Amino acid sequence: MVNEQMKKYVIGIGEALFDCLPEGRKLGGAPANFAYHVSQFGLNGCAISAIGADELGDEIMDKFTAIHESLPSFNFQLSTVEQPTGTVKVTLDDKGVPQYEICLGVAWDNIPLTNNMLEVAHQAQAACFGSLAQRSQTSRETIQAILDAMPEDALKVFDINLRQSWYTAEVIAESLQRANVLKINDEELDVVATMLFGEPTVPGKLIAEDPEKTRRICRELIARYELDMLILTCGAIGSYVFTASKESYVATPKVQVADTVGAGDSFTATFVAQLLLGKTIREAHEKAVAVSAFVCTQRGAMPTLPPELKA
């Protein structure tokens with residue numbers, strides 16, 4: 001469903017699924033989370049994905065429709081395909097940090113390109129996409145076609161989201177070539193530095209043990225792929241936003257963590273929404289940190305933000 005009277009969409013392209021948490025199923029998928037949170041700031045979010053012709057697919061469709069009815073700025077394009085609706089088993093460690101078991105050969109691996117998707121792309125001012133949904137050729141080609149159909153001046157955010165072994169150097173490099181913003185966490189930066197630059201790193205240790213090397217790698221990524229900015233999140237430590245010449249750092253607030261599912265997606269969505277609403281990089285960064293900290297205090301990836309965070 002897309003409200004045809006609305007234009008200038010902010011798109012999340014890729015997986016829409018159910019996170020199977022210890023307390024039950026929760027609607028999720030990074031691009032769907034992104035589109036939802038963007039919509040909470042009054043922008044016209046649009047989740048693009050695929051579901052199966054099954055009970056879980058019907059449930060996702062019903063939930064998306066209900067969200068749209070209560071939050072009209074949330075829109076979606078869900079194709080129904082023959083593969084089953086995606087699910088992810090999520091287990092949490094004692095700090096609420098999730099581990100994912102992701103099924104293969106599901107609906108969002110097979111997102112077909114439609115004319116409606118291309119029409120939304122033509123009207124998009126920003127999009128967010130990751131590596132996970134590009135593990136299959138069908139969805140990868142659809143994601144690339146949507147990105148290529150967007151206006152030249154649109155924000156194209158590669159929120160890399162490395163999961164299990166579902167990524168390759170080729171997909172990462174091609175995605176960086178299409179993006180103008182990279183969002184990456186500290187562990188993912190180590191993987192990418194090793195994969196693309198041959199940098200010997202220890203996952204999760206680079207930023208803590210060699211911050212100057214971290215800065216160099218971030219700026220090298222910006223230069224090599226002509227990025228406007230790179231967002232680096234470092235869990236409980238803090239987060240950085242790098243441009244070719246500037247750097248912003250904000251410490252992560254200490255909160256009572258329920259789980260961190262979707263916190264990174266809310267960060268990306270808030271940052272993008274604030275930039276589109278005319279805020280500075282620093283203002284967008286501070287708001288993104290505040291929103292993601294709140295999401296960490298809630299169960300599931302799509303909580304309703306309190307009014308003071310949407311202001």
# chains A, B, ... in the order shown; residues from 1 in each chain; ligands from 1
$ residues_around --residues "segment 147-149 of chain A" --least-positions-apart "6" --cutoff "9 Å" --atoms "only C-alpha atoms" --output "PyMOL selection string"
chain A and resi 118-119+121-122+127+156+178-179
$ closest_atom_pairs --of "segment 268-307 of chain A" --to "segment 218-230 of chain A" --cutoff "12 Å" --atoms "only C-alpha atoms" --output "tab-separated table"
residue	atom	partner	partner_atom	distance
A:Thr268	CA	A:Leu230	CA	11.3
A:Phe271	CA	A:Met229	CA	11.8
A:Val272	CA	A:Met229	CA	11.7
A:Ile281	CA	A:Met229	CA	9.7
A:His285	CA	A:Leu230	CA	11.7
$ atom_distance --atom1 "atom CA of Ala107 of chain A" --atom2 "atom CA of Asp93 of chain A"
28.3 Å
$ closest_residue --among "A:Ala169, A:Val157, A:Met302, A:Leu309" --to "Ile184 of chain A" --atoms "only C-alpha atoms"
A:Val157
$ select_by_dssp --residues "segment 64-169 of chain A" --states "alpha helix (DSSP H)" --output "number ranges by chain"
A: 64-70, 115-122, 137-149, 169
$ write_last_selection --atoms "N, CA and C atoms" --output "PDB file, in the first residue's frame"
ATOM      1  N   PHE A  64       1.314  -4.360   8.828  1.00  0.00           N
ATOM      2  CA  PHE A  64       1.711  -3.175   8.074  1.00  0.00           C
ATOM      3  C   PHE A  64       0.501  -2.278   7.807  1.00  0.00           C
ATOM      4  N   THR A  65      -0.620  -2.895   7.479  1.00  0.00           N
ATOM      5  CA  THR A  65      -1.842  -2.121   7.236  1.00  0.00           C
ATOM      6  C   THR A  65      -2.276  -1.395   8.494  1.00  0.00           C
ATOM      7  N   ALA A  66      -2.195  -2.073   9.634  1.00  0.00           N
ATOM      8  CA  ALA A  66      -2.573  -1.442  10.904  1.00  0.00           C
ATOM      9  C   ALA A  66      -1.642  -0.285  11.241  1.00  0.00           C
ATOM     10  N   ILE A  67      -0.351  -0.449  10.974  1.00  0.00           N
ATOM     11  CA  ILE A  67       0.599   0.644  11.217  1.00  0.00           C
ATOM     12  C   ILE A  67       0.245   1.836  10.332  1.00  0.00           C
ATOM     13  N   HIS A  68      -0.042   1.565   9.065  1.00  0.00           N
ATOM     14  CA  HIS A  68      -0.392   2.647   8.139  1.00  0.00           C
ATOM     15  C   HIS A  68      -1.654   3.387   8.604  1.00  0.00           C
ATOM     16  N   GLU A  69      -2.609   2.654   9.122  1.00  0.00           N
ATOM     17  CA  GLU A  69      -3.860   3.282   9.564  1.00  0.00           C
ATOM     18  C   GLU A  69      -3.634   4.205  10.756  1.00  0.00           C
ATOM     19  N   SER A  70      -2.700   3.833  11.636  1.00  0.00           N
ATOM     20  CA  SER A  70      -2.418   4.680  12.800  1.00  0.00           C
ATOM     21  C   SER A  70      -1.316   5.691  12.521  1.00  0.00           C
ATOM     22  N   ASN A 115       6.527  -2.091 -11.370  1.00  0.00           N
ATOM     23  CA  ASN A 115       6.394  -0.705 -11.812  1.00  0.00           C
ATOM     24  C   ASN A 115       6.094   0.220 -10.639  1.00  0.00           C
ATOM     25  N   ASN A 116       5.295  -0.262  -9.685  1.00  0.00           N
ATOM     26  CA  ASN A 116       4.992   0.564  -8.516  1.00  0.00           C
ATOM     27  C   ASN A 116       6.246   0.880  -7.718  1.00  0.00           C
ATOM     28  N   MET A 117       7.130  -0.108  -7.580  1.00  0.00           N
ATOM     29  CA  MET A 117       8.395   0.136  -6.873  1.00  0.00           C
ATOM     30  C   MET A 117       9.221   1.191  -7.593  1.00  0.00           C
ATOM     31  N   LEU A 118       9.271   1.103  -8.900  1.00  0.00           N
ATOM     32  CA  LEU A 118      10.042   2.077  -9.671  1.00  0.00           C
ATOM     33  C   LEU A 118       9.436   3.473  -9.564  1.00  0.00           C
ATOM     34  N   GLU A 119       8.113   3.547  -9.500  1.00  0.00           N
ATOM     35  CA  GLU A 119       7.454   4.846  -9.347  1.00  0.00           C
ATOM     36  C   GLU A 119       7.812   5.468  -8.001  1.00  0.00           C
ATOM     37  N   VAL A 120       7.833   4.650  -6.957  1.00  0.00           N
ATOM     38  CA  VAL A 120       8.249   5.144  -5.640  1.00  0.00           C
ATOM     39  C   VAL A 120       9.711   5.593  -5.701  1.00  0.00           C
ATOM     40  N   ALA A 121      10.554   4.813  -6.375  1.00  0.00           N
ATOM     41  CA  ALA A 121      11.978   5.155  -6.491  1.00  0.00           C
ATOM     42  C   ALA A 121      12.168   6.507  -7.172  1.00  0.00           C
ATOM     43  N   HIS A 122      11.390   6.763  -8.216  1.00  0.00           N
ATOM     44  CA  HIS A 122      11.502   8.030  -8.938  1.00  0.00           C
ATOM     45  C   HIS A 122      11.166   9.225  -8.042  1.00  0.00           C
ATOM     46  N   GLN A 137      20.282 -13.388  -6.031  1.00  0.00           N
ATOM     47  CA  GLN A 137      20.366 -12.574  -7.246  1.00  0.00           C
ATOM     48  C   GLN A 137      19.085 -11.790  -7.502  1.00  0.00           C
ATOM     49  N   THR A 138      17.922 -12.402  -7.267  1.00  0.00           N
ATOM     50  CA  THR A 138      16.650 -11.724  -7.565  1.00  0.00           C
ATOM     51  C   THR A 138      16.510 -10.444  -6.761  1.00  0.00           C
ATOM     52  N   SER A 139      16.659 -10.541  -5.453  1.00  0.00           N
ATOM     53  CA  SER A 139      16.508  -9.343  -4.620  1.00  0.00           C
ATOM     54  C   SER A 139      17.637  -8.351  -4.862  1.00  0.00           C
ATOM     55  N   ARG A 140      18.848  -8.858  -5.111  1.00  0.00           N
ATOM     56  CA  ARG A 140      19.968  -7.952  -5.379  1.00  0.00           C
ATOM     57  C   ARG A 140      19.691  -7.107  -6.623  1.00  0.00           C
ATOM     58  N   GLU A 141      19.201  -7.734  -7.687  1.00  0.00           N
ATOM     59  CA  GLU A 141      18.907  -7.003  -8.917  1.00  0.00           C
ATOM     60  C   GLU A 141      17.783  -5.991  -8.701  1.00  0.00           C
ATOM     61  N   THR A 142      16.786  -6.350  -7.903  1.00  0.00           N
ATOM     62  CA  THR A 142      15.690  -5.421  -7.607  1.00  0.00           C
ATOM     63  C   THR A 142      16.197  -4.227  -6.817  1.00  0.00           C
ATOM     64  N   ILE A 143      17.009  -4.481  -5.795  1.00  0.00           N
ATOM     65  CA  ILE A 143      17.558  -3.390  -4.985  1.00  0.00           C
ATOM     66  C   ILE A 143      18.398  -2.458  -5.853  1.00  0.00           C
ATOM     67  N   GLN A 144      19.246  -3.025  -6.696  1.00  0.00           N
ATOM     68  CA  GLN A 144      20.094  -2.200  -7.555  1.00  0.00           C
ATOM     69  C   GLN A 144      19.265  -1.372  -8.536  1.00  0.00           C
ATOM     70  N   ALA A 145      18.222  -1.968  -9.090  1.00  0.00           N
ATOM     71  CA  ALA A 145      17.372  -1.247 -10.046  1.00  0.00           C
ATOM     72  C   ALA A 145      16.646  -0.091  -9.364  1.00  0.00           C
ATOM     73  N   ILE A 146      16.183  -0.279  -8.135  1.00  0.00           N
ATOM     74  CA  ILE A 146      15.503   0.788  -7.403  1.00  0.00           C
ATOM     75  C   ILE A 146      16.478   1.925  -7.102  1.00  0.00           C
ATOM     76  N   LEU A 147      17.671   1.578  -6.642  1.00  0.00           N
ATOM     77  CA  LEU A 147      18.677   2.606  -6.362  1.00  0.00           C
ATOM     78  C   LEU A 147      19.026   3.388  -7.623  1.00  0.00           C
ATOM     79  N   ASP A 148      19.158   2.686  -8.730  1.00  0.00           N
ATOM     80  CA  ASP A 148      19.535   3.337  -9.993  1.00  0.00           C
ATOM     81  C   ASP A 148      18.422   4.234 -10.532  1.00  0.00           C
ATOM     82  N   ALA A 149      17.174   3.953 -10.119  1.00  0.00           N
ATOM     83  CA  ALA A 149      16.037   4.742 -10.601  1.00  0.00           C
ATOM     84  C   ALA A 149      15.791   5.997  -9.754  1.00  0.00           C
ATOM     85  N   ALA A 169      32.638  -9.902  -0.785  1.00  0.00           N
ATOM     86  CA  ALA A 169      33.359  -8.671  -1.101  1.00  0.00           C
ATOM     87  C   ALA A 169      32.736  -7.976  -2.307  1.00  0.00           C
TER      88      ALA A 169
END
$ residues_around --residues "segment 38-52 of chain A" --least-positions-apart "5" --cutoff "7 Å" --atoms "only C-alpha atoms" --output "PyMOL selection string"
chain A and resi 8-16+31-32+57+73-85+107-108+110-111+269-270+273+310
$ closest_atom_pairs --of "segment 91-137 of chain A" --to "segment 18-30 of chain A" --cutoff "9 Å" --atoms "only C-alpha atoms" --output "tab-separated table"
residue	atom	partner	partner_atom	distance
A:Thr91	CA	A:Leu21	CA	6.5
A:Leu92	CA	A:Pro22	CA	8.1
A:Tyr100	CA	A:Asp19	CA	8.8
A:Phe129	CA	A:Ala30	CA	8.4
A:Gly130	CA	A:Ala30	CA	8.0
$ write_last_selection --atoms "C-alpha atoms" --output "mmCIF file, in the first residue's frame"
data_model
loop_
_atom_site.group_PDB
_atom_site.id
_atom_site.type_symbol
_atom_site.label_atom_id
_atom_site.label_comp_id
_atom_site.auth_asym_id
_atom_site.auth_seq_id
_atom_site.Cartn_x
_atom_site.Cartn_y
_atom_site.Cartn_z
ATOM 1 C CA THR A 91 18.517 -15.205 21.055
ATOM 2 C CA LEU A 92 19.717 -12.561 23.508
ATOM 3 C CA TYR A 100 20.420 -14.298 14.648
ATOM 4 C CA PHE A 129 19.572 -0.881 1.967
ATOM 5 C CA GLY A 130 21.843 -3.579 3.378
#
$ closest_residue --among "A:Phe197, A:Tyr167, A:Phe267, A:Phe158" --to "Val289 of chain A" --atoms "only C-alpha atoms"
A:Phe267
$ residues_around --residues "Ile237 of chain A" --least-positions-apart "6" --cutoff "9 Å" --atoms "only C-alpha atoms" --output "VMD selection string"
chain A and resid 250 to 253
$ select_by_dssp --residues "segment 7-247 of chain A" --states "strand (DSSP E or B)" --output "number ranges by chain"
A: 9-13, 17-21, 24-28, 44-52, 74-81, 86-92, 98-102, 124-129, 155-159, 181-185, 229-233, 238-242, 247
$ residues_around --residues "Ala301 of chain A" --least-positions-apart "3" --cutoff "7 Å" --atoms "only C-alpha atoms" --output "PDB file with N, CA, C and O atoms, in the first residue's frame"
ATOM      1  N   GLY A  28       9.791  -7.336  12.085  1.00  0.00           N
ATOM      2  CA  GLY A  28      11.147  -6.830  11.965  1.00  0.00           C
ATOM      3  C   GLY A  28      11.673  -6.867  10.547  1.00  0.00           C
ATOM      4  O   GLY A  28      10.926  -6.962   9.572  1.00  0.00           O
ATOM      5  N   ASN A  33      12.149  -1.834   9.569  1.00  0.00           N
ATOM      6  CA  ASN A  33      12.355  -1.031  10.772  1.00  0.00           C
ATOM      7  C   ASN A  33      12.708   0.411  10.410  1.00  0.00           C
ATOM      8  O   ASN A  33      12.200   1.365  11.004  1.00  0.00           O
ATOM      9  N   VAL A 261      17.557  -5.169  19.645  1.00  0.00           N
ATOM     10  CA  VAL A 261      17.011  -5.470  18.322  1.00  0.00           C
ATOM     11  C   VAL A 261      16.425  -4.196  17.707  1.00  0.00           C
ATOM     12  O   VAL A 261      15.580  -3.532  18.310  1.00  0.00           O
ATOM     13  N   GLY A 262      16.885  -3.853  16.528  1.00  0.00           N
ATOM     14  CA  GLY A 262      16.350  -2.691  15.819  1.00  0.00           C
ATOM     15  C   GLY A 262      16.927  -1.360  16.240  1.00  0.00           C
ATOM     16  O   GLY A 262      16.607  -0.331  15.637  1.00  0.00           O
ATOM     17  N   ALA A 263      17.803  -1.346  17.249  1.00  0.00           N
ATOM     18  CA  ALA A 263      18.354  -0.068  17.718  1.00  0.00           C
ATOM     19  C   ALA A 263      19.177   0.603  16.625  1.00  0.00           C
ATOM     20  O   ALA A 263      19.081   1.817  16.407  1.00  0.00           O
TER      21      ALA A 263
END
$ atom_distance --atom1 "atom CA of Leu305 of chain A" --atom2 "atom CA of Leu155 of chain A"
23.8 Å
